[in-house]
$ cat model_31.cif   # mmCIF, C-alpha atoms
data_data
#
loop_
_atom_site.group_PDB
_atom_site.id
_atom_site.type_symbol
_atom_site.label_atom_id
_atom_site.label_comp_id
_atom_site.auth_asym_id
_atom_site.auth_seq_id
_atom_site.Cartn_x
_atom_site.Cartn_y
_atom_site.Cartn_z
ATOM 1 C CA MET A 534 110.763 87.537 199.904
ATOM 2 C CA ASP A 535 108.914 84.683 201.537
ATOM 3 C CA LEU A 536 109.837 84.812 205.234
ATOM 4 C CA ARG A 537 107.837 82.943 207.844
ATOM 5 C CA LEU A 538 108.055 82.460 211.594
ATOM 6 C CA LYS A 539 107.453 79.217 213.462
ATOM 7 C CA ARG A 540 107.975 77.948 216.976
ATOM 8 C CA ALA A 541 110.534 75.169 217.200
ATOM 9 C CA TYR A 542 107.971 72.978 218.981
ATOM 10 C CA GLU A 543 105.522 73.095 216.069
ATOM 11 C CA PRO A 544 105.964 70.241 213.585
ATOM 12 C CA ALA A 545 107.946 71.014 210.458
ATOM 13 C CA GLY A 546 105.750 71.314 207.380
ATOM 14 C CA PRO A 547 106.402 70.716 203.700
ATOM 15 C CA ASP A 548 105.804 74.415 202.974
ATOM 16 C CA ASP A 549 108.400 75.633 205.522
ATOM 17 C CA GLY A 550 111.169 75.752 202.933
ATOM 18 C CA VAL A 551 114.586 76.374 204.473
ATOM 19 C CA ARG A 552 114.273 76.157 208.265
ATOM 20 C CA ILE A 553 116.761 78.284 210.228
ATOM 21 C CA LEU A 554 116.939 78.301 214.023
ATOM 22 C CA VAL A 555 117.634 81.908 215.043
ATOM 23 C CA ASP A 556 118.081 81.419 218.802
ATOM 24 C CA ARG A 557 121.404 81.303 220.631
ATOM 25 C CA LEU A 558 120.257 78.375 222.789
ATOM 26 C CA TRP A 559 118.887 75.060 221.560
ATOM 27 C CA PRO A 560 115.152 74.709 222.431
ATOM 28 C CA ARG A 561 114.715 72.596 225.559
ATOM 29 C CA GLY A 562 113.632 69.007 225.100
ATOM 30 C CA LEU A 563 113.683 69.168 221.294
ATOM 31 C CA SER A 564 115.584 66.529 219.354
ATOM 32 C CA LYS A 565 117.550 67.459 216.253
ATOM 33 C CA ALA A 566 115.374 65.092 214.222
ATOM 34 C CA LYS A 567 112.128 66.754 215.371
ATOM 35 C CA ALA A 568 113.556 70.231 214.797
ATOM 36 C CA ALA A 569 114.198 69.362 211.129
ATOM 37 C CA LEU A 570 116.499 72.347 210.674
ATOM 38 C CA ASP A 571 118.592 73.268 207.675
ATOM 39 C CA ASP A 572 120.746 75.718 209.627
ATOM 40 C CA TRP A 573 121.313 77.133 213.113
ATOM 41 C CA MET A 574 122.446 80.757 213.051
ATOM 42 C CA LYS A 575 123.297 81.336 216.719
ATOM 43 C CA ASP A 576 125.452 84.372 215.998
ATOM 44 C CA ILE A 577 122.516 86.329 214.571
ATOM 45 C CA ALA A 578 120.556 85.827 217.805
ATOM 46 C CA PRO A 579 120.533 88.505 220.515
ATOM 47 C CA SER A 580 123.647 88.553 222.687
ATOM 48 C CA THR A 581 123.478 86.610 225.937
ATOM 49 C CA GLU A 582 123.462 89.897 227.852
ATOM 50 C CA LEU A 583 120.540 91.309 225.845
ATOM 51 C CA ARG A 584 118.578 88.056 226.004
ATOM 52 C CA GLN A 585 118.970 87.848 229.786
ATOM 53 C CA TRP A 586 118.096 91.537 230.257
ATOM 54 C CA PHE A 587 114.930 91.185 228.141
ATOM 55 C CA GLY A 588 113.734 87.981 229.821
ATOM 56 C CA HIS A 589 110.685 88.009 227.485
ATOM 57 C CA ASP A 590 109.201 90.867 229.498
ATOM 58 C CA PRO A 591 106.666 92.650 227.227
ATOM 59 C CA GLU A 592 107.312 95.897 229.126
ATOM 60 C CA ARG A 593 110.903 95.829 227.815
ATOM 61 C CA TRP A 594 109.855 95.001 224.233
ATOM 62 C CA THR A 595 110.378 98.445 222.697
ATOM 63 C CA GLU A 596 113.868 98.815 224.154
ATOM 64 C CA PHE A 597 114.728 95.190 223.295
ATOM 65 C CA GLN A 598 113.851 95.845 219.652
ATOM 66 C CA ARG A 599 116.049 98.949 219.568
ATOM 67 C CA ARG A 600 119.021 97.151 221.131
ATOM 68 C CA TYR A 601 118.650 94.022 219.015
ATOM 69 C CA ARG A 602 118.448 96.042 215.793
ATOM 70 C CA ALA A 603 121.721 97.707 216.813
ATOM 71 C CA GLU A 604 123.314 94.279 217.327
ATOM 72 C CA LEU A 605 122.042 93.067 213.959
ATOM 73 C CA ARG A 606 124.013 95.810 212.198
ATOM 74 C CA GLN A 607 127.124 93.753 212.979
ATOM 75 C CA HIS A 608 125.758 90.750 211.059
ATOM 76 C CA ALA A 609 125.219 92.157 207.573
ATOM 77 C CA GLU A 610 126.669 89.063 205.891
ATOM 78 C CA GLN A 611 124.273 86.685 207.642
ATOM 79 C CA LEU A 612 121.316 88.985 206.975
ATOM 80 C CA GLU A 613 122.171 89.016 203.282
ATOM 81 C CA ARG A 614 122.447 85.231 203.261
ATOM 82 C CA ILE A 615 118.928 84.886 204.685
ATOM 83 C CA ARG A 616 117.584 87.488 202.244
ATOM 84 C CA ALA A 617 119.107 85.624 199.299
ATOM 85 C CA LEU A 618 117.523 82.364 200.453
ATOM 86 C CA ALA A 619 114.153 84.100 200.938
ATOM 87 C CA LYS A 620 114.293 85.579 197.435
ATOM 88 C CA ALA A 621 114.926 82.108 196.009
ATOM 89 C CA GLY A 622 112.189 80.371 198.022
ATOM 90 C CA THR A 623 110.516 80.101 201.401
ATOM 91 C CA VAL A 624 112.558 80.619 204.568
ATOM 92 C CA THR A 625 111.118 79.853 207.991
ATOM 93 C CA LEU A 626 112.799 81.517 210.964
ATOM 94 C CA VAL A 627 112.476 79.041 213.826
ATOM 95 C CA TYR A 628 112.478 80.200 217.461
ATOM 96 C CA GLY A 629 111.869 78.604 220.844
ATOM 97 C CA ALA A 630 110.066 81.377 222.756
ATOM 98 C CA ARG A 631 106.517 80.809 223.998
ATOM 99 C CA ASP A 632 105.510 84.394 223.297
ATOM 100 C CA GLU A 633 104.825 84.534 219.571
ATOM 101 C CA ALA A 634 104.600 88.337 219.491
ATOM 102 C CA HIS A 635 107.621 89.320 221.604
ATOM 103 C CA ASN A 636 110.706 87.399 220.495
ATOM 104 C CA ASP A 637 113.893 87.898 218.516
ATOM 105 C CA ALA A 638 112.546 86.206 215.362
ATOM 106 C CA VAL A 639 109.806 88.865 215.083
ATOM 107 C CA VAL A 640 112.423 91.639 215.131
ATOM 108 C CA LEU A 641 114.708 89.750 212.753
ATOM 109 C CA LYS A 642 111.913 89.281 210.224
ATOM 110 C CA LYS A 643 111.072 93.013 210.334
ATOM 111 C CA VAL A 644 114.723 93.922 209.769
ATOM 112 C CA LEU A 645 115.079 91.464 206.888
ATOM 113 C CA LEU A 646 111.975 92.788 205.138
ATOM 114 C CA LYS A 647 112.815 96.470 205.636
ATOM 115 C CA GLU A 648 116.403 96.763 204.514
#

$ encode --input "model_31.cif" --output "structure tokens"
Amino acid sequence: MDLRLKRAYEPAGPDDGVRILVDRLWPRGLSKAKAALDDWMKDIAPSTELRQWFGHDPERWTEFQRRYRAELRQHAEQLERIRALAKAGTVTLVYGARDEAHNDAVVLKKVLLKE
């Protein structure tokens, strides 16, 4: 599977393949044209409650990963859809967070590659 991660504010590239926004909220100040997305899977993003609790606090990262993985178990159909796309070609998971190491797309990619 060819899964990549990219911030929504980085320009889309020809090698991005299928671009899927995996955040519940649209990235601030970003036009739909600049985002160049093929899909927006808001339902696969962390719940509002989990996102607000985490607040991108690296000290909560381990617990956030555990809780988000538990939430992802309820989205098997969407996970399979992304896996199928990634087996057919490149898929770029697009996210808005500034922190490139501690965000939902990082966890999602790990889950997609593991199972």

$ residues_around --input "model_31.cif" --residues "stretch 630-647 of chain A" --least-positions-apart "6" --cutoff "8 Å" --atoms "all atoms listed in the file" --output "ChimeraX atom specification"
/A:534,536-538,540,555-556,578-579,589,591,594,598,601-602,612,615-616

$ closest_residue --input "model_31.cif" --among "A:Arg600, A:Lys620, A:His608, A:Arg593" --to "A:Lys575" --atoms "all atoms listed in the file"
A:His608

$ resolve_selection --input "model_31.cif" --expression "the PyMOL selection byres ((chain A and resi 562-564) around 12)" --output "list in words"
Arg540, Ala541, Tyr542, Glu543, Pro544, Leu558, Trp559, Pro560, Arg561, Lys565, Ala566, Lys567, Ala568, Ala569, Leu570, Tyr628 and Gly629 of chain A

$ resolve_selection --input "model_31.cif" --expression "the PyMOL selection byres ((chain A and resi 573) around 6)" --output "PDB file with C-alpha atoms, in the frame of the given file"
ATOM      1  CA  ILE A 553     116.761  78.284 210.228  1.00  0.00           C
ATOM      2  CA  LEU A 554     116.939  78.301 214.023  1.00  0.00           C
ATOM      3  CA  ASP A 572     120.746  75.718 209.627  1.00  0.00           C
ATOM      4  CA  MET A 574     122.446  80.757 213.051  1.00  0.00           C
ATOM      5  CA  LYS A 575     123.297  81.336 216.719  1.00  0.00           C
TER       6      LYS A 575
END

$ atom_distance --input "model_31.cif" --atom1 "atom CA of A:Ala603" --atom2 "atom CA of A:Phe587"
14.7 Å

$ atom_distance --input "model_31.cif" --atom1 "atom CA of A:Glu604" --atom2 "atom CA of A:Thr581"
11.5 Å

$ atom_distance --input "model_31.cif" --atom1 "atom CA of A:Asp548" --atom2 "atom CA of A:Gln611"
22.7 Å

$ closest_residue --input "model_31.cif" --among "A:Asp571, A:Pro547, A:Phe597, A:Lys539" --to "A:Leu618" --atoms "all atoms listed in the file"
A:Asp571

$ resolve_selection --input "model_31.cif" --expression "the PyMOL selection byres ((chain A and resi 624) around 6)" --output "list in words"
Leu536, Gly550, Val551, Ala619, Thr623 and Thr625 of chain A

$ axis_aligned_box --input "model_31.cif" --around "stretch 610-617 of chain A" --padding-each-side "6 Å" --output "AutoDock Vina command-line options"
--center_x 122.1 --center_y 87.0 --center_z 203.5 --size_x 21.1 --size_y 16.2 --size_z 20.3

$ build_atoms --input "model_31.cif" --residues "stretch 598-609 of chain A" --atoms "all heavy atoms" --output "tab-separated table (two decimals), keeping the file's coordinate frame"
chain	number	residue	atom	x	y	z
A	598	GLN	N	113.80	95.72	221.11
A	598	GLN	CA	113.85	95.84	219.65
A	598	GLN	C	114.95	96.82	219.22
A	598	GLN	O	115.71	96.54	218.29
A	598	GLN	CB	112.51	96.34	219.11
A	598	GLN	CG	111.40	95.32	219.22
A	598	GLN	CD	110.12	95.85	218.62
A	598	GLN	OE1	109.92	95.77	217.42
A	598	GLN	NE2	109.27	96.42	219.46
A	599	ARG	N	115.04	97.95	219.91
A	599	ARG	CA	116.05	98.95	219.57
A	599	ARG	C	117.46	98.37	219.73
A	599	ARG	O	118.30	98.49	218.84
A	599	ARG	CB	115.88	100.19	220.45
A	599	ARG	CG	116.77	101.36	220.03
A	599	ARG	CD	116.77	102.47	221.05
A	599	ARG	NE	117.43	102.11	222.30
A	599	ARG	CZ	118.76	101.95	222.45
A	599	ARG	NH1	119.56	102.11	221.42
A	599	ARG	NH2	119.27	101.64	223.62
A	600	ARG	N	117.69	97.71	220.85
A	600	ARG	CA	119.02	97.15	221.13
A	600	ARG	C	119.37	96.00	220.19
A	600	ARG	O	120.50	95.88	219.73
A	600	ARG	CB	119.10	96.66	222.57
A	600	ARG	CG	119.07	97.77	223.60
A	600	ARG	CD	119.21	97.20	224.99
A	600	ARG	NE	119.02	98.20	226.01
A	600	ARG	CZ	119.22	97.97	227.31
A	600	ARG	NH1	119.61	96.77	227.72
A	600	ARG	NH2	119.02	98.92	228.18
A	601	TYR	N	118.39	95.17	219.90
A	601	TYR	CA	118.65	94.02	219.02
A	601	TYR	C	118.92	94.49	217.59
A	601	TYR	O	119.82	93.99	216.91
A	601	TYR	CB	117.49	93.03	219.07
A	601	TYR	CG	117.71	91.77	218.25
A	601	TYR	CD1	118.96	91.18	218.14
A	601	TYR	CD2	116.66	91.18	217.59
A	601	TYR	CE1	119.16	90.03	217.39
A	601	TYR	CE2	116.84	90.02	216.84
A	601	TYR	CZ	118.09	89.45	216.74
A	601	TYR	OH	118.28	88.32	215.99
A	602	ARG	N	118.19	95.49	217.13
A	602	ARG	CA	118.45	96.04	215.79
A	602	ARG	C	119.89	96.57	215.71
A	602	ARG	O	120.56	96.41	214.69
A	602	ARG	CB	117.47	97.17	215.47
A	602	ARG	CG	116.09	96.69	215.12
A	602	ARG	CD	115.14	97.89	214.97
A	602	ARG	NE	113.77	97.48	214.93
A	602	ARG	CZ	113.10	97.20	213.82
A	602	ARG	NH1	113.68	97.32	212.66
A	602	ARG	NH2	111.84	96.82	213.87
A	603	ALA	N	120.35	97.20	216.78
A	603	ALA	CA	121.72	97.71	216.81
A	603	ALA	C	122.71	96.54	216.72
A	603	ALA	O	123.72	96.63	216.00
A	603	ALA	CB	121.96	98.51	218.08
A	604	GLU	N	122.44	95.45	217.41
A	604	GLU	CA	123.31	94.28	217.33
A	604	GLU	C	123.30	93.68	215.92
A	604	GLU	O	124.34	93.23	215.43
A	604	GLU	CB	122.88	93.21	218.34
A	604	GLU	CG	123.21	93.55	219.77
A	604	GLU	CD	122.90	92.43	220.75
A	604	GLU	OE1	122.41	91.35	220.34
A	604	GLU	OE2	123.15	92.63	221.94
A	605	LEU	N	122.15	93.67	215.29
A	605	LEU	CA	122.04	93.07	213.96
A	605	LEU	C	122.88	93.80	212.91
A	605	LEU	O	123.27	93.20	211.90
A	605	LEU	CB	120.58	93.00	213.52
A	605	LEU	CG	119.74	91.90	214.17
A	605	LEU	CD1	118.27	92.07	213.81
A	605	LEU	CD2	120.26	90.53	213.79
A	606	ARG	N	123.18	95.06	213.15
A	606	ARG	CA	124.01	95.81	212.20
A	606	ARG	C	125.39	95.18	212.05
A	606	ARG	O	126.07	95.40	211.05
A	606	ARG	CB	124.14	97.27	212.64
A	606	ARG	CG	122.84	98.03	212.46
A	606	ARG	CD	123.02	99.52	212.73
A	606	ARG	NE	121.71	100.08	212.98
A	606	ARG	CZ	121.28	100.55	214.15
A	606	ARG	NH1	122.09	100.58	215.19
A	606	ARG	NH2	120.07	101.04	214.29
A	607	GLN	N	125.81	94.41	213.03
A	607	GLN	CA	127.12	93.75	212.98
A	607	GLN	C	127.08	92.43	212.22
A	607	GLN	O	128.09	91.75	212.10
A	607	GLN	CB	127.62	93.50	214.41
A	607	GLN	CG	127.78	94.76	215.22
A	607	GLN	CD	127.97	94.44	216.68
A	607	GLN	OE1	128.32	93.33	217.05
A	607	GLN	NE2	127.76	95.43	217.54
A	608	HIS	N	125.92	92.05	211.72
A	608	HIS	CA	125.76	90.75	211.06
A	608	HIS	C	125.22	90.89	209.64
A	608	HIS	O	124.39	90.10	209.20
A	608	HIS	CB	124.82	89.86	211.89
A	608	HIS	CG	125.32	89.62	213.27
A	608	HIS	ND1	126.39	88.78	213.53
A	608	HIS	CD2	124.94	90.11	214.46
A	608	HIS	CE1	126.62	88.77	214.83
A	608	HIS	NE2	125.76	89.57	215.41
A	609	ALA	N	125.71	91.88	208.92
A	609	ALA	CA	125.22	92.16	207.57
A	609	ALA	C	125.36	90.95	206.64
A	609	ALA	O	124.46	90.68	205.83
A	609	ALA	CB	125.96	93.35	206.98
